[in-house]
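Down below is the structure, laid out as structure tokens.
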Amino acid sequence: MPADFDTIVNLSKRRGFVFQSSEIYGGLRSAYDYGPLGVELLRNVKDQWWRSMVRMRDDVVGIDSAILQSPEVWAASGHLDSFSDPLVECRECNSRHRLDKLDDVDTCPTCGNSGTFTEPKEFNLMFKTHMGPVESDDNAVYLRPETAQGIFINFENVRRTARMKLPFGIAQIGKSFRNEITPGQFVFRTREFEQMEMEYFCRPDDADAVFAEWVDIRRQWYLDLGMTPQNLRLRQHDPDELAHYAADTYDVEYLFPWGWDELEGIANRTDFDLKAHIARSGEDLTYFDQEADERFVPYVIEPAGGATRTTFAFLIDAYTDEEVNGEQRTVLRLDPRLAPVKVAVLPLSKKPDLVETTDTVASLLRERWQIEVDVTQSIGRRYRRQDEIGTPLCVTIDFDTLDDHQVTVRDRDTMAQDRIPIDNLVAYLAERLPA
Ligand code: GAP
């Protein structure tokens, strides 16, 4: 049975994936903290992205740019002028809404009154702060609303130092901030979130083919990590919904409990950003193609995903409630590469002999994987607990282990059990736990 929204939110809080930020002070709306399991899952999602986008490719390199950048960056990119949503306020109940997200533009969804909205005004989504001790317009700075601009402003630094030739990409994972008018749906839309973005620079005449290639690669990434194909689709933007910089965009969408919604956008940003920074900074960000003996401003294809949002989608997609031998069990069928805990080590009892062997096995496995040792409650309950957090394999140490130096390995999905010599255990697990 697929998960409903409340079930996932409850599981996240109960098992320590995600907590409300500042909970002991009543919570800060739309901000979340990732707990011990959540931080591992989020990290694994980011690691898989980095692995496929940077490590496994010779045409993409990474950077980690500052969150605070010169305000000139946002003036050049168009964010100061155009990064806004139309905001309306209900005169009756004072609730605020994004006009473009309302089903009925005349009726307030909070109080149900019609004709009570103020005139829409454009609300800039960037968080503004000040650099240094004085608060004045002269030292205003912004928390970046996308990681992408940190890449564009380093285009020439990276090209020169890494000796990159077109086509090539620069990737970045990091926090972004948007003062969303209507954050919501748990970690789906928050004001502080993490993005995984890559800017792929190419010749203008190659841009359409490169765009099609990246749309395909990015869709496949989710499928390769086990996302249910029926829950994933591509949707091309209508001309009137394209961002101010985009000539074409496809969204990778996931079927969330509330319907289809965006996971990632793949955009053809043309030469918009580099040209804008050339014009504002006066720096030369053109590219000289030696073979063609030609100088031009590269086009950019951008796959831009959300790390926090994608983590949430993988969690939803993995959740399964099923009946086994008349008993109910909850399983997170996460791909082993994403699972927060790879192996649980479970001694059958707390007897010192078993605990000693457990410690030996645990230290052996800890070298390679995130493991958890659990010694409390019945073995059945411990298996259920590991199923519920998606641990792919459980290693049980029982009294026979002391004589035959073998352990039982239980598979999360099939619940099949294998008896494996401790000497072969690392090799056995490594086969089932790809990097
Ligand atoms: N550089 C292009 C860009 O930022 P975007 O579609 O605005 O494009 C890319 O953002 C991705 O970042 C989205 O597909 C989504 O996964 C994530 N994202 C955007 N706003 C978000 C928010 N308020 N909360 C969580 N994730 C968000």
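Every chain in the structure tokens takes a letter, A first, then B, and so on in the order presented; its residues are numbered from 1, and the ligands are numbered from 1 following the presented order.
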
Restrict the calculation to only C-alpha atoms and all ligand atoms, then for each residue of chain A with any atom at most 7 Å from an atom of ligand 1 give the closest atom pair and their distance in Å to one decimal, rows by chain and rising residue number, as a tab-separated table.
residue	atom	partner	partner_atom_place_in_ligand_line	distance
A:Glu146	CA	ligand 1	4 (O)	4.6
A:Thr147	CA	ligand 1	1 (N)	6.4
A:Ala148	CA	ligand 1	1 (N)	5.0
A:Arg178	CA	ligand 1	23 (N)	6.0
A:Glu180	CA	ligand 1	23 (N)	6.2
A:Pro183	CA	ligand 1	23 (N)	6.6
A:Val187	CA	ligand 1	25 (C)	6.5
A:Phe188	CA	ligand 1	25 (C)	5.2
A:Arg189	CA	ligand 1	24 (N)	3.5
A:Thr190	CA	ligand 1	24 (N)	4.1
A:Arg191	CA	ligand 1	23 (N)	5.2
A:Glu192	CA	ligand 1	24 (N)	6.7
A:Phe193	CA	ligand 1	25 (C)	5.0
A:Glu194	CA	ligand 1	26 (N)	6.7
A:Gln195	CA	ligand 1	12 (O)	5.3
A:Glu197	CA	ligand 1	1 (N)	6.7
A:Glu262	CA	ligand 1	14 (O)	5.5
A:Leu263	CA	ligand 1	16 (O)	4.4
A:Glu264	CA	ligand 1	14 (O)	3.5
A:Gly265	CA	ligand 1	14 (O)	5.1
A:Ala304	CA	ligand 1	9 (C)	4.6
A:Gly305	CA	ligand 1	11 (C)	4.1
A:Gly306	CA	ligand 1	16 (O)	3.2
A:Ala307	CA	ligand 1	16 (O)	6.8
A:Thr308	CA	ligand 1	25 (C)	6.3
A:Arg309	CA	ligand 1	26 (N)	5.2
A:Thr310	CA	ligand 1	16 (O)	6.7

Could you list, with a cut-off of 12 Å and counting only C-alpha atoms, the residues of region 241-354 of chain A near region 407-420 of chain A, each shown with its nearest atom pair and the distance in Å rounded to one decimal, rows sorted by chain and ascending number, as a tab-separated table?
residue	atom	partner	partner_atom	distance
A:Ala318	CA	A:Asp413	CA	11.4
A:Thr320	CA	A:Asp413	CA	10.6
A:Glu322	CA	A:Asp413	CA	11.1
A:Val324	CA	A:Met415	CA	9.9
A:Asn325	CA	A:Met415	CA	11.8
A:Arg329	CA	A:Arg412	CA	11.1
A:Thr330	CA	A:Arg412	CA	10.8
A:Val331	CA	A:Arg412	CA	7.9
A:Leu332	CA	A:Arg412	CA	8.9
A:Arg333	CA	A:Asp413	CA	7.1
A:Leu334	CA	A:Asp413	CA	9.8
A:Asp335	CA	A:Asp413	CA	10.7
A:Pro336	CA	A:Arg412	CA	10.2
A:Ala339	CA	A:Arg412	CA	11.3
A:Val341	CA	A:Arg412	CA	11.9
A:Lys342	CA	A:Arg412	CA	10.6
A:Val343	CA	A:Val409	CA	9.5
A:Ala344	CA	A:Val409	CA	9.7
A:Val345	CA	A:Val409	CA	9.4
A:Leu346	CA	A:Thr408	CA	9.7
A:Pro347	CA	A:Val407	CA	9.7
A:Leu348	CA	A:Thr408	CA	10.7
A:Leu354	CA	A:Val407	CA	11.3

Saved selection, atoms kept: N, CA and C atoms, as a tab-separated table (two decimals), in the first residue's frame:
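Saved result, part23.tsv, follows:
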chain	number	residue	atom	x	y	z
A	318	ALA	N	9.63	4.66	-1.09
A	318	ALA	CA	10.12	3.39	-0.50
A	318	ALA	C	9.12	2.80	0.49
A	320	THR	N	6.33	1.01	2.34
A	320	THR	CA	5.39	-0.07	2.01
A	320	THR	C	4.84	-0.66	3.30
A	322	GLU	N	2.84	-4.01	4.44
A	322	GLU	CA	2.44	-5.30	3.86
A	322	GLU	C	2.13	-6.32	4.94
A	324	VAL	N	2.63	-10.13	6.24
A	324	VAL	CA	3.48	-11.31	6.09
A	324	VAL	C	3.06	-12.33	7.14
A	325	ASN	N	2.66	-13.50	6.69
A	325	ASN	CA	2.19	-14.56	7.58
A	325	ASN	C	1.19	-14.04	8.62
A	329	ARG	N	3.69	-5.60	8.47
A	329	ARG	CA	5.01	-5.00	8.65
A	329	ARG	C	5.16	-3.77	7.74
A	330	THR	N	5.92	-2.81	8.22
A	330	THR	CA	6.24	-1.63	7.43
A	330	THR	C	7.67	-1.77	6.96
A	331	VAL	N	7.88	-1.61	5.67
A	331	VAL	CA	9.24	-1.71	5.11
A	331	VAL	C	9.54	-0.47	4.28
A	332	LEU	N	10.72	0.07	4.48
A	332	LEU	CA	11.20	1.09	3.55
A	332	LEU	C	12.07	0.36	2.54
A	333	ARG	N	11.56	0.20	1.33
A	333	ARG	CA	12.31	-0.53	0.31
A	333	ARG	C	13.27	0.42	-0.40
A	334	LEU	N	14.13	1.05	0.38
A	334	LEU	CA	15.11	1.98	-0.19
A	334	LEU	C	16.20	1.21	-0.91
A	335	ASP	N	16.69	1.74	-2.01
A	335	ASP	CA	17.87	1.17	-2.64
A	335	ASP	C	18.97	1.12	-1.57
A	336	PRO	N	19.73	0.03	-1.50
A	336	PRO	CA	20.78	-0.07	-0.47
A	336	PRO	C	21.74	1.12	-0.48
A	339	ALA	N	19.93	3.69	1.67
A	339	ALA	CA	19.52	3.31	3.03
A	339	ALA	C	20.43	3.96	4.08
A	341	VAL	N	21.04	3.12	7.22
A	341	VAL	CA	21.85	2.09	7.89
A	341	VAL	C	21.95	0.92	6.91
A	342	LYS	N	23.16	0.45	6.67
A	342	LYS	CA	23.33	-0.62	5.67
A	342	LYS	C	23.17	-2.00	6.31
A	343	VAL	N	23.70	-2.14	7.52
A	343	VAL	CA	23.67	-3.45	8.18
A	343	VAL	C	23.36	-3.26	9.66
A	344	ALA	N	22.44	-4.08	10.17
A	344	ALA	CA	22.19	-4.09	11.62
A	344	ALA	C	22.83	-5.36	12.18
A	345	VAL	N	23.50	-5.21	13.31
A	345	VAL	CA	24.14	-6.37	13.94
A	345	VAL	C	23.36	-6.67	15.22
A	346	LEU	N	22.80	-7.89	15.27
A	346	LEU	CA	21.84	-8.20	16.32
A	346	LEU	C	22.22	-9.49	17.06
A	347	PRO	N	22.76	-9.38	18.25
A	347	PRO	CA	23.00	-10.60	19.03
A	347	PRO	C	21.67	-11.14	19.57
A	348	LEU	N	21.56	-12.47	19.59
A	348	LEU	CA	20.29	-13.06	20.02
A	348	LEU	C	20.00	-12.77	21.49
A	354	LEU	N	28.11	-13.61	23.57
A	354	LEU	CA	27.50	-13.13	22.31
A	354	LEU	C	27.84	-11.65	22.08

Do a neighbour search on Thr357 (chain A) at 9 Å with only C-alpha atoms, toss out local chain neighbours closer than 6 positions, and write the hits as a list in words.
-> Pro347, Ile397, Thr401 and Leu402 of chain A

Since we have the selection now, will you write its residues out, keeping N, CA and C atoms, as a short mmCIF file (atom, residue, chain, number, x, y, z; two decimals), in the first residue's frame?
data_model
loop_
_atom_site.label_atom_id
_atom_site.label_comp_id
_atom_site.auth_asym_id
_atom_site.auth_seq_id
_atom_site.Cartn_x
_atom_site.Cartn_y
_atom_site.Cartn_z
N PRO A 347 22.76 -9.38 18.25
CA PRO A 347 23.00 -10.60 19.03
C PRO A 347 21.67 -11.14 19.57
N ILE A 397 23.74 -12.80 15.47
CA ILE A 397 24.76 -13.64 16.13
C ILE A 397 24.03 -14.49 17.18
N THR A 401 26.89 -19.49 16.71
CA THR A 401 28.01 -18.68 16.20
C THR A 401 29.29 -18.93 17.00
N LEU A 402 29.12 -19.14 18.30
CA LEU A 402 30.29 -19.32 19.17
C LEU A 402 31.06 -20.59 18.79
#

Within 9 Å of Arg280 (chain A), counting only C-alpha atoms, which residues qualify if same-chain residues fewer than 2 places away don't, as number ranges by chain?
-> A: 72-73, 75-76, 275-278, 282-283

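Across A:Val158, A:Phe83, A:Val134, A:Gly112, the tightest approach to Asp64 (chain A) is made by A:Val158 when counting only C-alpha atoms.
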
Do you know which residues are at most 10 Å from Ala66 (chain A) counting only C-alpha atoms, after dropping those on the same chain fewer than 5 positions away, and could you put them as an MDAnalysis selection string?
-> chainID A and resid 143:144 147 150 174:175

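Our summary of the geometry notes that CA of Asp4 (chain A) is positioned 23.0 Å from CA of Pro36 (chain A).
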
DSSP strand (DSSP E or B) selection over region 299-356 of chain A, as a PyMOL selection string = chain A and resi 299-306+319-324+327-332+343-347

Output file for the selection above: N, CA, C and O atoms, as an mmCIF file, in the first residue's frame:
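Heads up, here's the output in again38.cif:
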data_model
loop_
_atom_site.group_PDB
_atom_site.id
_atom_site.type_symbol
_atom_site.label_atom_id
_atom_site.label_comp_id
_atom_site.auth_asym_id
_atom_site.auth_seq_id
_atom_site.Cartn_x
_atom_site.Cartn_y
_atom_site.Cartn_z
ATOM 1 N N TYR A 299 26.408 28.318 -24.557
ATOM 2 C CA TYR A 299 25.056 28.069 -24.048
ATOM 3 C C TYR A 299 25.176 27.158 -22.824
ATOM 4 O O TYR A 299 26.194 26.469 -22.653
ATOM 5 N N VAL A 300 24.110 27.131 -22.043
ATOM 6 C CA VAL A 300 24.133 26.352 -20.800
ATOM 7 C C VAL A 300 22.883 25.493 -20.667
ATOM 8 O O VAL A 300 21.764 25.995 -20.798
ATOM 9 N N ILE A 301 23.122 24.218 -20.419
ATOM 10 C CA ILE A 301 22.011 23.317 -20.078
ATOM 11 C C ILE A 301 22.135 23.029 -18.587
ATOM 12 O O ILE A 301 23.204 22.635 -18.113
ATOM 13 N N GLU A 302 21.027 23.225 -17.872
ATOM 14 C CA GLU A 302 21.075 23.137 -16.411
ATOM 15 C C GLU A 302 20.106 22.085 -15.853
ATOM 16 O O GLU A 302 18.895 22.301 -15.864
ATOM 17 N N PRO A 303 20.619 20.969 -15.328
ATOM 18 C CA PRO A 303 19.761 20.106 -14.510
ATOM 19 C C PRO A 303 19.818 20.612 -13.066
ATOM 20 O O PRO A 303 20.886 20.643 -12.461
ATOM 21 N N ALA A 304 18.658 21.050 -12.539
ATOM 22 C CA ALA A 304 18.617 21.667 -11.199
ATOM 23 C C ALA A 304 17.625 20.914 -10.328
ATOM 24 O O ALA A 304 16.412 20.991 -10.532
ATOM 25 N N GLY A 305 18.163 20.169 -9.373
ATOM 26 C CA GLY A 305 17.295 19.375 -8.504
ATOM 27 C C GLY A 305 17.376 19.859 -7.070
ATOM 28 O O GLY A 305 18.263 20.632 -6.698
ATOM 29 N N GLY A 306 16.453 19.384 -6.256
ATOM 30 C CA GLY A 306 16.450 19.708 -4.835
ATOM 31 C C GLY A 306 16.852 18.473 -4.038
ATOM 32 O O GLY A 306 16.239 17.419 -4.184
ATOM 33 N N TYR A 319 8.218 3.647 0.995
ATOM 34 C CA TYR A 319 7.347 3.198 2.090
ATOM 35 C C TYR A 319 6.351 2.127 1.618
ATOM 36 O O TYR A 319 5.639 2.302 0.639
ATOM 37 N N THR A 320 6.329 1.015 2.337
ATOM 38 C CA THR A 320 5.394 -0.070 2.007
ATOM 39 C C THR A 320 4.841 -0.656 3.299
ATOM 40 O O THR A 320 5.595 -0.937 4.229
ATOM 41 N N ASP A 321 3.533 -0.831 3.323
ATOM 42 C CA ASP A 321 2.890 -1.584 4.408
ATOM 43 C C ASP A 321 2.472 -2.905 3.814
ATOM 44 O O ASP A 321 1.816 -2.928 2.773
ATOM 45 N N GLU A 322 2.836 -4.015 4.442
ATOM 46 C CA GLU A 322 2.436 -5.297 3.860
ATOM 47 C C GLU A 322 2.131 -6.317 4.944
ATOM 48 O O GLU A 322 2.510 -6.140 6.109
ATOM 49 N N GLU A 323 1.437 -7.370 4.522
ATOM 50 C CA GLU A 323 1.097 -8.419 5.472
ATOM 51 C C GLU A 323 1.976 -9.627 5.188
ATOM 52 O O GLU A 323 2.102 -10.071 4.054
ATOM 53 N N VAL A 324 2.632 -10.128 6.243
ATOM 54 C CA VAL A 324 3.480 -11.310 6.093
ATOM 55 C C VAL A 324 3.058 -12.327 7.142
ATOM 56 O O VAL A 324 3.102 -12.032 8.339
ATOM 57 N N GLU A 327 0.852 -11.149 9.720
ATOM 58 C CA GLU A 327 1.317 -10.004 10.515
ATOM 59 C C GLU A 327 1.591 -8.812 9.622
ATOM 60 O O GLU A 327 2.048 -8.959 8.492
ATOM 61 N N GLN A 328 1.358 -7.649 10.163
ATOM 62 C CA GLN A 328 1.571 -6.413 9.429
ATOM 63 C C GLN A 328 3.040 -5.979 9.557
ATOM 64 O O GLN A 328 3.603 -6.084 10.652
ATOM 65 N N ARG A 329 3.688 -5.598 8.467
ATOM 66 C CA ARG A 329 5.008 -5.002 8.651
ATOM 67 C C ARG A 329 5.159 -3.772 7.737
ATOM 68 O O ARG A 329 4.576 -3.717 6.654
ATOM 69 N N THR A 330 5.920 -2.807 8.224
ATOM 70 C CA THR A 330 6.238 -1.628 7.429
ATOM 71 C C THR A 330 7.674 -1.774 6.960
ATOM 72 O O THR A 330 8.561 -2.062 7.763
ATOM 73 N N VAL A 331 7.883 -1.612 5.669
ATOM 74 C CA VAL A 331 9.237 -1.712 5.106
ATOM 75 C C VAL A 331 9.537 -0.473 4.278
ATOM 76 O O VAL A 331 8.702 -0.044 3.492
ATOM 77 N N LEU A 332 10.716 0.067 4.484
ATOM 78 C CA LEU A 332 11.200 1.093 3.549
ATOM 79 C C LEU A 332 12.069 0.360 2.540
ATOM 80 O O LEU A 332 13.180 -0.055 2.865
ATOM 81 N N VAL A 343 23.704 -2.138 7.516
ATOM 82 C CA VAL A 343 23.674 -3.452 8.178
ATOM 83 C C VAL A 343 23.360 -3.256 9.655
ATOM 84 O O VAL A 343 23.944 -2.380 10.307
ATOM 85 N N ALA A 344 22.435 -4.075 10.167
ATOM 86 C CA ALA A 344 22.193 -4.092 11.616
ATOM 87 C C ALA A 344 22.833 -5.357 12.178
ATOM 88 O O ALA A 344 22.728 -6.427 11.579
ATOM 89 N N VAL A 345 23.503 -5.208 13.305
ATOM 90 C CA VAL A 345 24.139 -6.367 13.941
ATOM 91 C C VAL A 345 23.364 -6.667 15.220
ATOM 92 O O VAL A 345 23.243 -5.812 16.105
ATOM 93 N N LEU A 346 22.802 -7.888 15.269
ATOM 94 C CA LEU A 346 21.840 -8.204 16.323
ATOM 95 C C LEU A 346 22.221 -9.493 17.057
ATOM 96 O O LEU A 346 22.027 -10.591 16.531
ATOM 97 N N PRO A 347 22.758 -9.380 18.255
ATOM 98 C CA PRO A 347 23.002 -10.603 19.031
ATOM 99 C C PRO A 347 21.675 -11.145 19.567
ATOM 100 O O PRO A 347 20.802 -10.366 19.949
#

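Proximity of A:Thr358, A:Asn10, A:Thr182, A:Leu28 to Ile371 (chain A), computed with only C-alpha atoms, is greatest for A:Thr358.
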
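Among A:Asp206, A:Asp106, A:Cys111, A:Gly132, the residue with the shortest atom-to-atom distance to Glu92 (chain A), counting only C-alpha atoms, is A:Cys111.
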
CA of Gln406 (chain A) and CA of Asp359 (chain A) are how many Å apart?
-> 14.7 Å

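Using only C-alpha atoms, the nearest neighbour of Tyr142 (chain A) within the list A:Ala209, A:Met198, A:Leu255, A:Leu80 is A:Leu80.
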